[in-house]
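Structure data (mmCIF, C-alpha atoms) from protein.cif:
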data_model
loop_
_atom_site.group_PDB
_atom_site.id
_atom_site.type_symbol
_atom_site.label_atom_id
_atom_site.label_comp_id
_atom_site.auth_asym_id
_atom_site.auth_seq_id
_atom_site.Cartn_x
_atom_site.Cartn_y
_atom_site.Cartn_z
ATOM 1 C CA MET A 22 -31.702 -191.563 78.206
ATOM 2 C CA LYS A 23 -27.907 -191.429 78.250
ATOM 3 C CA VAL A 24 -26.526 -193.420 75.312
ATOM 4 C CA SER A 25 -23.910 -195.957 76.379
ATOM 5 C CA MET A 26 -21.399 -197.718 74.234
ATOM 6 C CA PRO A 27 -19.840 -201.144 74.754
ATOM 7 C CA GLU A 28 -17.113 -200.868 77.379
ATOM 8 C CA ILE A 29 -13.665 -201.984 76.302
ATOM 9 C CA ASP A 30 -10.923 -203.211 78.606
ATOM 10 C CA LEU A 31 -7.800 -202.259 76.680
ATOM 11 C CA ASP A 32 -5.626 -204.385 78.959
ATOM 12 C CA LYS A 33 -7.518 -207.500 77.937
ATOM 13 C CA CYS A 34 -7.842 -206.583 74.254
ATOM 14 C CA THR A 35 -5.258 -208.429 72.131
ATOM 15 C CA GLY A 36 -6.284 -206.792 68.874
ATOM 16 C CA CYS A 37 -7.395 -210.121 67.384
ATOM 17 C CA GLY A 38 -10.066 -208.326 65.332
ATOM 18 C CA ASP A 39 -12.813 -210.950 65.829
ATOM 19 C CA CYS A 40 -15.266 -208.279 66.961
ATOM 20 C CA VAL A 41 -14.483 -206.139 63.919
ATOM 21 C CA GLU A 42 -15.272 -209.031 61.569
ATOM 22 C CA LEU A 43 -18.437 -209.945 63.436
ATOM 23 C CA CYS A 44 -19.903 -206.475 63.908
ATOM 24 C CA LEU A 45 -22.731 -206.250 61.365
ATOM 25 C CA SER A 46 -23.057 -202.516 61.907
ATOM 26 C CA HIS A 47 -19.342 -201.866 61.306
ATOM 27 C CA ALA A 48 -19.356 -199.816 64.474
ATOM 28 C CA VAL A 49 -16.197 -201.467 65.822
ATOM 29 C CA GLY A 50 -12.698 -201.082 64.440
ATOM 30 C CA LEU A 51 -9.069 -201.492 65.394
ATOM 31 C CA VAL A 52 -7.125 -198.345 66.169
ATOM 32 C CA GLU A 53 -3.434 -198.746 66.972
ATOM 33 C CA GLY A 54 -3.989 -202.453 67.513
ATOM 34 C CA LYS A 55 -6.859 -202.089 70.004
ATOM 35 C CA VAL A 56 -10.599 -202.245 69.515
ATOM 36 C CA THR A 57 -12.473 -198.944 69.459
ATOM 37 C CA ILE A 58 -16.042 -197.943 68.713
ATOM 38 C CA VAL A 59 -15.241 -196.130 65.489
ATOM 39 C CA SER A 60 -18.839 -195.375 64.543
ATOM 40 C CA PRO A 61 -20.966 -194.873 67.689
ATOM 41 C CA ALA A 62 -24.029 -193.822 65.713
ATOM 42 C CA ASP A 63 -24.093 -197.210 63.972
ATOM 43 C CA CYS A 64 -23.811 -199.282 67.147
ATOM 44 C CA ASN A 65 -27.046 -201.243 67.728
ATOM 45 C CA TYR A 66 -25.851 -202.561 71.076
ATOM 46 C CA CYS A 67 -26.612 -206.050 69.837
ATOM 47 C CA THR A 68 -23.967 -207.334 72.355
ATOM 48 C CA ASP A 69 -22.488 -209.770 69.800
ATOM 49 C CA CYS A 70 -19.053 -208.212 70.300
ATOM 50 C CA GLU A 71 -19.288 -209.116 73.997
ATOM 51 C CA THR A 72 -20.387 -212.644 73.165
ATOM 52 C CA PHE A 73 -17.629 -213.378 70.687
ATOM 53 C CA CYS A 74 -14.633 -211.615 72.227
ATOM 54 C CA PRO A 75 -12.290 -214.496 73.168
ATOM 55 C CA ASN A 76 -10.600 -212.389 75.845
ATOM 56 C CA ASP A 77 -13.673 -210.907 77.614
ATOM 57 C CA ALA A 78 -12.387 -207.469 76.680
ATOM 58 C CA ILE A 79 -15.784 -206.071 75.710
ATOM 59 C CA MET A 80 -18.714 -205.598 78.073
ATOM 60 C CA CYS A 81 -22.209 -204.486 77.171
ATOM 61 C CA PRO A 82 -23.995 -203.865 80.454
ATOM 62 C CA LEU A 83 -27.748 -203.471 80.404
ATOM 63 C CA GLU A 84 -29.633 -201.103 82.662
ATOM 64 C CA ILE A 85 -32.462 -202.791 84.548
ATOM 65 C CA VAL A 86 -35.273 -200.300 84.737
ATOM 66 C CA LEU A 87 -38.697 -200.579 86.296
ATOM 67 C CA LEU A 88 -41.532 -199.000 84.399
ATOM 68 C CA LYS A 89 -43.116 -196.435 86.711
ATOM 69 C CA ASP A 90 -46.723 -197.405 86.233
ATOM 70 C CA GLU A 91 -47.784 -201.028 86.075
ATOM 71 C CA PRO A 92 -49.881 -201.652 82.974
ATOM 72 C CA GLU A 93 -53.613 -201.990 83.329
ATOM 73 C CA ARG A 94 -54.673 -205.614 83.152
ATOM 74 C CA PRO A 95 -57.618 -206.621 80.982
ATOM 75 C CA LEU A 96 -60.740 -206.942 83.145
ATOM 76 C CA GLU A 97 -60.929 -210.732 82.644
ATOM 77 C CA GLU A 98 -57.455 -211.151 84.171
ATOM 78 C CA GLN A 99 -58.329 -208.872 87.104
ATOM 79 C CA LYS A 100 -61.471 -210.915 87.841
ATOM 80 C CA GLU A 101 -59.466 -214.157 87.837
ATOM 81 C CA GLU A 102 -57.289 -212.722 90.615
ATOM 82 C CA MET B 18 -24.337 -242.526 128.305
ATOM 83 C CA PRO B 19 -22.819 -239.064 128.919
ATOM 84 C CA SER B 20 -24.678 -236.724 131.261
ATOM 85 C CA CYS B 21 -26.462 -233.689 129.923
ATOM 86 C CA VAL B 22 -23.708 -231.424 131.233
ATOM 87 C CA ASP B 23 -20.997 -233.510 129.540
ATOM 88 C CA PHE B 24 -23.039 -233.430 126.352
ATOM 89 C CA LEU B 25 -23.350 -229.643 126.468
ATOM 90 C CA ARG B 26 -19.627 -229.267 127.116
ATOM 91 C CA SER B 27 -18.906 -231.249 123.934
ATOM 92 C CA SER B 28 -20.818 -228.683 121.849
ATOM 93 C CA PRO B 29 -18.816 -225.753 120.387
ATOM 94 C CA PHE B 30 -21.559 -223.406 121.597
ATOM 95 C CA PHE B 31 -21.007 -224.264 125.251
ATOM 96 C CA ALA B 32 -17.482 -225.666 125.491
ATOM 97 C CA THR B 33 -16.026 -222.487 126.999
ATOM 98 C CA LEU B 34 -18.787 -221.779 129.526
ATOM 99 C CA CYS B 35 -18.147 -221.894 133.244
ATOM 100 C CA ALA B 36 -19.852 -224.453 135.497
ATOM 101 C CA ASP B 37 -22.567 -222.008 136.663
ATOM 102 C CA GLU B 38 -23.540 -221.083 133.122
ATOM 103 C CA ILE B 39 -23.671 -224.737 132.040
ATOM 104 C CA GLU B 40 -25.844 -225.553 135.037
ATOM 105 C CA ARG B 41 -28.216 -222.710 134.192
ATOM 106 C CA ILE B 42 -28.543 -223.922 130.622
ATOM 107 C CA GLU B 43 -29.043 -227.503 131.746
ATOM 108 C CA LYS B 44 -32.002 -226.440 133.903
ATOM 109 C CA GLU B 45 -33.637 -224.647 130.975
ATOM 110 C CA ILE B 46 -33.100 -227.373 128.374
ATOM 111 C CA ILE B 47 -36.111 -229.179 126.927
ATOM 112 C CA GLU B 48 -35.623 -232.775 125.830
ATOM 113 C CA LEU B 49 -37.933 -234.169 123.135
ATOM 114 C CA SER B 50 -38.088 -237.483 121.315
ATOM 115 C CA PHE B 51 -39.356 -238.089 117.791
ATOM 116 C CA ARG B 52 -40.346 -241.187 115.842
ATOM 117 C CA LYS B 53 -38.844 -241.932 112.442
ATOM 118 C CA GLY B 54 -40.342 -239.561 109.878
ATOM 119 C CA GLU B 55 -41.842 -237.230 112.476
ATOM 120 C CA VAL B 56 -41.527 -233.512 111.726
ATOM 121 C CA LEU B 57 -39.724 -231.415 114.336
ATOM 122 C CA PHE B 58 -40.555 -228.010 112.818
ATOM 123 C CA LEU B 59 -41.535 -226.427 109.510
ATOM 124 C CA GLU B 60 -39.913 -223.722 107.411
ATOM 125 C CA GLY B 61 -41.524 -220.363 108.108
ATOM 126 C CA GLU B 62 -42.655 -221.191 111.649
ATOM 127 C CA SER B 63 -41.428 -219.122 114.579
ATOM 128 C CA CYS B 64 -38.120 -220.298 115.940
ATOM 129 C CA ARG B 65 -38.430 -222.268 119.148
ATOM 130 C CA GLY B 66 -34.683 -222.326 119.823
ATOM 131 C CA LEU B 67 -31.459 -224.098 118.988
ATOM 132 C CA TYR B 68 -31.752 -227.847 118.510
ATOM 133 C CA VAL B 69 -28.925 -230.216 119.457
ATOM 134 C CA VAL B 70 -29.104 -233.901 118.539
ATOM 135 C CA LYS B 71 -28.731 -236.162 121.554
ATOM 136 C CA SER B 72 -29.345 -239.380 119.633
ATOM 137 C CA GLY B 73 -30.548 -240.407 116.194
ATOM 138 C CA GLN B 74 -30.376 -238.422 112.973
ATOM 139 C CA ILE B 75 -32.329 -235.367 111.898
ATOM 140 C CA ARG B 76 -32.819 -234.222 108.315
ATOM 141 C CA VAL B 77 -32.916 -230.454 107.677
ATOM 142 C CA PHE B 78 -34.401 -229.575 104.295
ATOM 143 C CA LYS B 79 -36.056 -226.988 102.051
ATOM 144 C CA SER B 80 -39.215 -227.821 100.118
ATOM 145 C CA SER B 81 -40.568 -226.436 96.870
ATOM 146 C CA PRO B 82 -44.273 -225.677 96.400
ATOM 147 C CA GLU B 83 -44.371 -228.769 94.140
ATOM 148 C CA GLY B 84 -43.109 -230.951 96.982
ATOM 149 C CA ARG B 85 -39.505 -231.424 95.883
ATOM 150 C CA GLU B 86 -36.968 -231.387 98.705
ATOM 151 C CA GLN B 87 -33.357 -230.306 99.025
ATOM 152 C CA VAL B 88 -31.550 -231.636 102.087
ATOM 153 C CA LEU B 89 -29.276 -229.041 103.653
ATOM 154 C CA LEU B 90 -27.952 -231.071 106.566
ATOM 155 C CA ILE B 91 -28.094 -234.490 108.201
ATOM 156 C CA ALA B 92 -27.572 -233.687 111.880
ATOM 157 C CA LYS B 93 -25.999 -236.432 113.979
ATOM 158 C CA PRO B 94 -25.474 -236.672 117.771
ATOM 159 C CA GLY B 95 -23.699 -233.550 118.975
ATOM 160 C CA ASP B 96 -24.674 -231.495 115.900
ATOM 161 C CA SER B 97 -26.785 -228.383 116.285
ATOM 162 C CA PHE B 98 -29.272 -227.024 113.799
ATOM 163 C CA ASN B 99 -31.749 -224.157 113.441
ATOM 164 C CA ASP B 100 -28.999 -221.804 114.620
ATOM 165 C CA VAL B 101 -29.840 -219.076 112.078
ATOM 166 C CA PRO B 102 -33.246 -217.913 113.378
ATOM 167 C CA VAL B 103 -31.982 -217.884 116.967
ATOM 168 C CA PHE B 104 -29.529 -215.152 116.088
ATOM 169 C CA ASP B 105 -31.187 -213.222 113.239
ATOM 170 C CA GLY B 106 -34.656 -213.191 114.745
ATOM 171 C CA GLY B 107 -36.398 -214.526 111.641
ATOM 172 C CA PRO B 108 -38.575 -217.613 111.147
ATOM 173 C CA ASN B 109 -37.197 -221.116 110.647
ATOM 174 C CA PRO B 110 -35.348 -221.055 107.291
ATOM 175 C CA ALA B 111 -35.901 -224.769 106.714
ATOM 176 C CA SER B 112 -37.920 -227.750 107.929
ATOM 177 C CA SER B 113 -36.672 -230.822 109.781
ATOM 178 C CA SER B 114 -37.753 -234.400 110.351
ATOM 179 C CA ALA B 115 -36.316 -237.451 112.080
ATOM 180 C CA LEU B 116 -34.556 -239.979 109.850
ATOM 181 C CA GLU B 117 -34.722 -242.524 112.676
ATOM 182 C CA PRO B 118 -36.024 -242.492 116.277
ATOM 183 C CA SER B 119 -34.246 -239.452 117.679
ATOM 184 C CA THR B 120 -33.934 -237.338 120.789
ATOM 185 C CA VAL B 121 -33.016 -233.665 120.718
ATOM 186 C CA TYR B 122 -32.326 -230.938 123.221
ATOM 187 C CA ILE B 123 -33.926 -227.560 122.619
ATOM 188 C CA ILE B 124 -32.263 -224.502 124.071
ATOM 189 C CA SER B 125 -34.428 -221.403 123.869
ATOM 190 C CA LYS B 126 -33.438 -218.265 121.976
ATOM 191 C CA GLU B 127 -33.517 -216.236 125.159
ATOM 192 C CA THR B 128 -31.097 -218.592 126.918
ATOM 193 C CA LEU B 129 -28.663 -218.551 124.011
ATOM 194 C CA LEU B 130 -28.824 -214.809 123.492
ATOM 195 C CA SER B 131 -28.143 -214.284 127.195
ATOM 196 C CA LEU B 132 -24.701 -215.840 126.635
ATOM 197 C CA VAL B 133 -23.694 -212.851 124.494
ATOM 198 C CA ALA B 134 -25.846 -210.234 126.219
ATOM 199 C CA ASP B 135 -22.830 -208.476 127.710
ATOM 200 C CA CYS B 136 -21.171 -207.985 124.311
ATOM 201 C CA PRO B 137 -23.362 -206.006 121.874
ATOM 202 C CA ALA B 138 -20.619 -206.112 119.229
ATOM 203 C CA ALA B 139 -20.605 -209.932 119.300
ATOM 204 C CA GLN B 140 -24.410 -209.945 119.047
ATOM 205 C CA ALA B 141 -24.295 -207.634 116.027
ATOM 206 C CA ILE B 142 -21.597 -209.655 114.267
ATOM 207 C CA ILE B 143 -23.381 -212.959 114.897
ATOM 208 C CA LYS B 144 -26.599 -211.445 113.556
ATOM 209 C CA VAL B 145 -24.812 -210.454 110.326
ATOM 210 C CA PHE B 146 -23.438 -213.984 109.903
ATOM 211 C CA ALA B 147 -26.861 -215.469 110.599
ATOM 212 C CA LYS B 148 -28.478 -213.252 107.941
ATOM 213 C CA ARG B 149 -25.819 -214.234 105.407
ATOM 214 C CA LEU B 150 -26.371 -217.900 106.161
ATOM 215 C CA ARG B 151 -30.110 -217.431 105.721
ATOM 216 C CA HIS B 152 -29.420 -215.755 102.355
ATOM 217 C CA LEU B 153 -27.293 -218.733 101.308
ATOM 218 C CA THR B 154 -30.130 -221.142 102.078
ATOM 219 C CA THR B 155 -32.262 -219.020 99.732
ATOM 220 C CA VAL B 156 -29.580 -219.323 97.034
ATOM 221 C CA VAL B 157 -29.589 -223.103 97.483
ATOM 222 C CA GLU B 158 -33.376 -223.093 97.224
ATOM 223 C CA ASP B 159 -33.283 -221.036 94.003
ATOM 224 C CA LEU B 160 -30.631 -223.199 92.390
ATOM 225 C CA SER B 161 -32.368 -226.422 93.388
ATOM 226 C CA PHE B 162 -35.961 -225.616 92.600
ATOM 227 C CA ARG B 163 -36.262 -222.742 90.180
ATOM 228 C CA ARG B 164 -35.807 -222.962 86.414
ATOM 229 C CA ILE B 165 -33.535 -220.392 84.765
ATOM 230 C CA VAL B 166 -36.456 -218.229 83.607
ATOM 231 C CA SER B 167 -37.804 -218.175 87.154
ATOM 232 C CA ARG B 168 -34.389 -217.312 88.642
ATOM 233 C CA LEU B 169 -33.897 -214.566 86.074
ATOM 234 C CA ALA B 170 -37.374 -213.198 86.795
ATOM 235 C CA LYS B 171 -36.478 -213.061 90.489
ATOM 236 C CA LEU B 172 -33.179 -211.322 89.747
ATOM 237 C CA LEU B 173 -34.835 -208.689 87.554
ATOM 238 C CA LEU B 174 -37.492 -208.013 90.186
ATOM 239 C CA GLU B 175 -34.775 -207.532 92.792
ATOM 240 C CA MET B 176 -32.597 -205.318 90.608
ATOM 241 C CA ALA B 177 -35.100 -203.120 88.762
ATOM 242 C CA VAL B 178 -35.562 -199.564 89.995
ATOM 243 C CA VAL B 179 -37.517 -196.645 88.602
ATOM 244 C CA GLU B 180 -35.573 -194.181 86.483
ATOM 245 C CA GLY B 181 -34.988 -190.900 88.272
ATOM 246 C CA GLY B 182 -35.731 -192.425 91.669
ATOM 247 C CA SER B 183 -33.594 -192.387 94.808
ATOM 248 C CA SER B 184 -31.826 -195.688 94.042
ATOM 249 C CA PRO B 185 -29.184 -195.817 91.305
ATOM 250 C CA ILE B 186 -30.010 -197.847 88.192
ATOM 251 C CA ARG B 187 -28.261 -201.234 88.242
ATOM 252 C CA ARG B 188 -26.253 -202.225 85.168
ATOM 253 C CA LEU B 189 -25.371 -205.842 84.519
ATOM 254 C CA THR B 190 -23.905 -207.674 81.556
ATOM 255 C CA GLN B 191 -25.586 -210.897 80.492
ATOM 256 C CA GLU B 192 -22.460 -212.683 81.711
ATOM 257 C CA GLU B 193 -22.931 -211.169 85.169
ATOM 258 C CA MET B 194 -26.600 -212.105 85.202
ATOM 259 C CA ALA B 195 -25.625 -215.659 84.247
ATOM 260 C CA ALA B 196 -23.193 -215.875 87.159
ATOM 261 C CA MET B 197 -25.860 -214.610 89.541
ATOM 262 C CA VAL B 198 -28.450 -217.162 88.468
ATOM 263 C CA GLY B 199 -26.031 -220.059 88.118
ATOM 264 C CA SER B 200 -26.116 -220.382 84.347
ATOM 265 C CA VAL B 201 -24.303 -219.278 81.175
ATOM 266 C CA ARG B 202 -24.692 -216.248 78.944
ATOM 267 C CA ASP B 203 -26.441 -217.994 76.048
ATOM 268 C CA VAL B 204 -29.082 -219.489 78.321
ATOM 269 C CA VAL B 205 -29.690 -216.112 79.959
ATOM 270 C CA SER B 206 -30.024 -214.545 76.522
ATOM 271 C CA ARG B 207 -32.725 -217.098 75.609
ATOM 272 C CA ALA B 208 -34.436 -216.641 78.978
ATOM 273 C CA LEU B 209 -34.588 -212.876 78.409
ATOM 274 C CA ARG B 210 -36.283 -213.524 75.069
ATOM 275 C CA ASP B 211 -38.765 -215.854 76.819
ATOM 276 C CA LEU B 212 -39.566 -213.156 79.364
ATOM 277 C CA GLU B 213 -39.995 -210.624 76.581
ATOM 278 C CA ARG B 214 -42.332 -212.952 74.680
ATOM 279 C CA ALA B 215 -44.356 -213.359 77.863
ATOM 280 C CA GLY B 216 -44.783 -209.591 77.994
ATOM 281 C CA ALA B 217 -43.015 -209.182 81.330
ATOM 282 C CA ILE B 218 -40.033 -207.219 80.024
ATOM 283 C CA LYS B 219 -38.911 -205.282 76.987
ATOM 284 C CA VAL B 220 -35.289 -205.547 75.892
ATOM 285 C CA GLU B 221 -34.275 -202.249 74.377
ATOM 286 C CA LYS B 222 -30.902 -201.037 73.255
ATOM 287 C CA GLN B 223 -28.773 -200.863 76.429
ATOM 288 C CA ARG B 224 -31.587 -201.641 78.822
ATOM 289 C CA ILE B 225 -34.076 -204.165 80.097
ATOM 290 C CA LEU B 226 -37.362 -202.494 80.888
ATOM 291 C CA VAL B 227 -39.561 -204.330 83.389
ATOM 292 C CA VAL B 228 -42.947 -203.439 81.915
ATOM 293 C CA ASP B 229 -45.125 -205.856 83.890
ATOM 294 C CA PRO B 230 -43.710 -206.722 87.324
ATOM 295 C CA GLN B 231 -46.809 -208.724 88.212
ATOM 296 C CA ARG B 232 -46.267 -211.006 85.267
ATOM 297 C CA LEU B 233 -42.662 -211.433 86.352
ATOM 298 C CA ARG B 234 -43.849 -212.373 89.849
ATOM 299 C CA GLU B 235 -46.173 -214.981 88.335
ATOM 300 C CA MET B 236 -43.156 -216.572 86.695
ATOM 301 C CA LEU B 237 -41.285 -217.065 89.969
#
The structure given in the file should be rewritten as structure tokens.
Amino acid sequence: MKVSMPEIDLDKCTGCGDCVELCLSHAVGLVEGKVTIVSPADCNYCTDCETFCPNDAIMCPLEIVLLKDEPERPLEEQKEE
Amino acid sequence: MPSCVDFLRSSPFFATLCADEIERIEKEIIELSFRKGEVLFLEGESCRGLYVVKSGQIRVFKSSPEGREQVLLIAKPGDSFNDVPVFDGGPNPASSSALEPSTVYIISKETLLSLVADCPAAQAIIKVFAKRLRHLTTVVEDLSFRRIVSRLAKLLLEMAVVEGGSSPIRRLTQEEMAAMVGSVRDVVSRALRDLERAGAIKVEKQRILVVDPQRLREML
């Protein structure tokens, strides 16, 4: 699976630093006044940075994936159907 | 009391027709009367045609399985309704009943479609509009009747595709999901946790895995 990072809109980022303070993994930092993922390996993709950015500069899209095989239901549930 | 021809001419559907075309339609019109509370047609039934209110008032509404209703339109004299299935070919998207003793004209699908038969482009465009209008009635239904968890379950079922398949994987932020289900991010976040607790999905880093689509369908 391709590893994605939070997406940052540099035009919207004001460099307020809220995300840096809030990031528990210390994955986010300010570089030249703009937010950057400074430590990708530490990013847990918790999406808190997206939640708390006051300028909507950070987006953490989620892939919506369908599991190939539907799980087998316990026999009791199958009988009820 | 205006004549049938005068009445048809006052409708936007027929205002520009020539005398011959109006006469043809007038011959094919069916006039029906309904008592207060009487049902004209039900959602899901085959479309009989376009309805135009001659007198009275008709209520057009969607119903939930639990019996709740959302009124989409109160049709008054001169108003038409049930236009969508005439032009998109689907079943009635809503039900209707008389709010008071009412009389309606029914113009068949075939008669209406014959008015645009010589312009395939117009037919195609009208069909697109009709499908979009039908989709909007579904949005109204979802917003009126479904709880957030149910709306989110429906969204995930619609969006989820198998990895490595022919369709590209959809990516949405929680904010985008909230906008699509008519809610806010925090509520969507809680609803995702509810769906995960129910065993229908698994929220992993960067993705929502639909592990049990059947369970999601049960939550609709």
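Summary of the local environment: counting all atoms listed in the file, residues at most 12 Å from segment 23-28 of chain B, other than itself and those fewer than 5 positions away along its chain, are Met18, Thr33, Leu34, Cys35, Ala36, Glu38, Ile39, Glu40, Arg41, Ile42, Glu43, Lys44, Ile46, Leu67, Tyr68, Val69, Val70, Lys71, Ser72, Pro94, Gly95, Asp96, Ser97, Phe98, Val121, Tyr122, Ile123 and Ile124 of chain B.
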Report the residues retrieved by the PyMOL selection byres ((chain A) within 9 of (chain B)) from the displayed file, expressed as a PDB file with C-alpha atoms, in the frame of the given file.
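Result went into out-v2.pdb, see below:
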ATOM      1  CA  VAL A  24     -26.526-193.420  75.312  1.00  0.00           C
ATOM      2  CA  SER A  25     -23.910-195.957  76.379  1.00  0.00           C
ATOM      3  CA  MET A  26     -21.399-197.718  74.234  1.00  0.00           C
ATOM      4  CA  ASN A  65     -27.046-201.243  67.728  1.00  0.00           C
ATOM      5  CA  TYR A  66     -25.851-202.561  71.076  1.00  0.00           C
ATOM      6  CA  CYS A  67     -26.612-206.050  69.837  1.00  0.00           C
ATOM      7  CA  GLU A  71     -19.288-209.116  73.997  1.00  0.00           C
ATOM      8  CA  THR A  72     -20.387-212.644  73.165  1.00  0.00           C
ATOM      9  CA  MET A  80     -18.714-205.598  78.073  1.00  0.00           C
ATOM     10  CA  CYS A  81     -22.209-204.486  77.171  1.00  0.00           C
ATOM     11  CA  PRO A  82     -23.995-203.865  80.454  1.00  0.00           C
ATOM     12  CA  LEU A  83     -27.748-203.471  80.404  1.00  0.00           C
ATOM     13  CA  GLU A  84     -29.633-201.103  82.662  1.00  0.00           C
ATOM     14  CA  ILE A  85     -32.462-202.791  84.548  1.00  0.00           C
ATOM     15  CA  VAL A  86     -35.273-200.300  84.737  1.00  0.00           C
ATOM     16  CA  LEU A  87     -38.697-200.579  86.296  1.00  0.00           C
ATOM     17  CA  LEU A  88     -41.532-199.000  84.399  1.00  0.00           C
ATOM     18  CA  LYS A  89     -43.116-196.435  86.711  1.00  0.00           C
ATOM     19  CA  ASP A  90     -46.723-197.405  86.233  1.00  0.00           C
ATOM     20  CA  GLU A  91     -47.784-201.028  86.075  1.00  0.00           C
ATOM     21  CA  PRO A  92     -49.881-201.652  82.974  1.00  0.00           C
TER      22      PRO A  92
END
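Going from atom CA of Asp69 of chain A over to atom CA of Leu45 of chain A, you cover 9.1 Å.
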Next on the checklist: Evaluate the PyMOL selection byres ((chain B and resi 107) around 12) against this structure - the residues, as a PyMOL selection string, please.
Outcome noted: chain B and resi 60-66+99-106+108-111+126+144+147-148+150-152
Next on the checklist: So, with only C-alpha atoms as the atoms that count, which of A:Val49, A:Cys64, A:Ala78, A:Cys70 lies closest to Leu31 of chain A?
Outcome noted: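 So, comparing all the options, the nearest one is A:Ala78.
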Item to check | Coordinates-based distance that separates atom CA of Asp37 of chain B from atom CA of Ala139 of chain B (Å, one decimal) | outcome: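 Result for atom CA of Ala139 of chain B versus atom CA of Asp37 of chain B: 21.2 Å, one decimal.
One finds atom CA of Pro118 of chain B at 7.4 Å from atom CA of Ser50 of chain B.
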Matched chain/residue IDs from the PyMOL selection byres ((chain A and resi 50) around 6), as an mmCIF file with C-alpha atoms, keeping the file's coordinate frame:
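result04.cif written:
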data_model
loop_
_atom_site.group_PDB
_atom_site.id
_atom_site.type_symbol
_atom_site.label_atom_id
_atom_site.label_comp_id
_atom_site.auth_asym_id
_atom_site.auth_seq_id
_atom_site.Cartn_x
_atom_site.Cartn_y
_atom_site.Cartn_z
ATOM 1 C CA VAL A 41 -14.483 -206.139 63.919
ATOM 2 C CA VAL A 49 -16.197 -201.467 65.822
ATOM 3 C CA LEU A 51 -9.069 -201.492 65.394
ATOM 4 C CA VAL A 56 -10.599 -202.245 69.515
ATOM 5 C CA THR A 57 -12.473 -198.944 69.459
ATOM 6 C CA VAL A 59 -15.241 -196.130 65.489
#
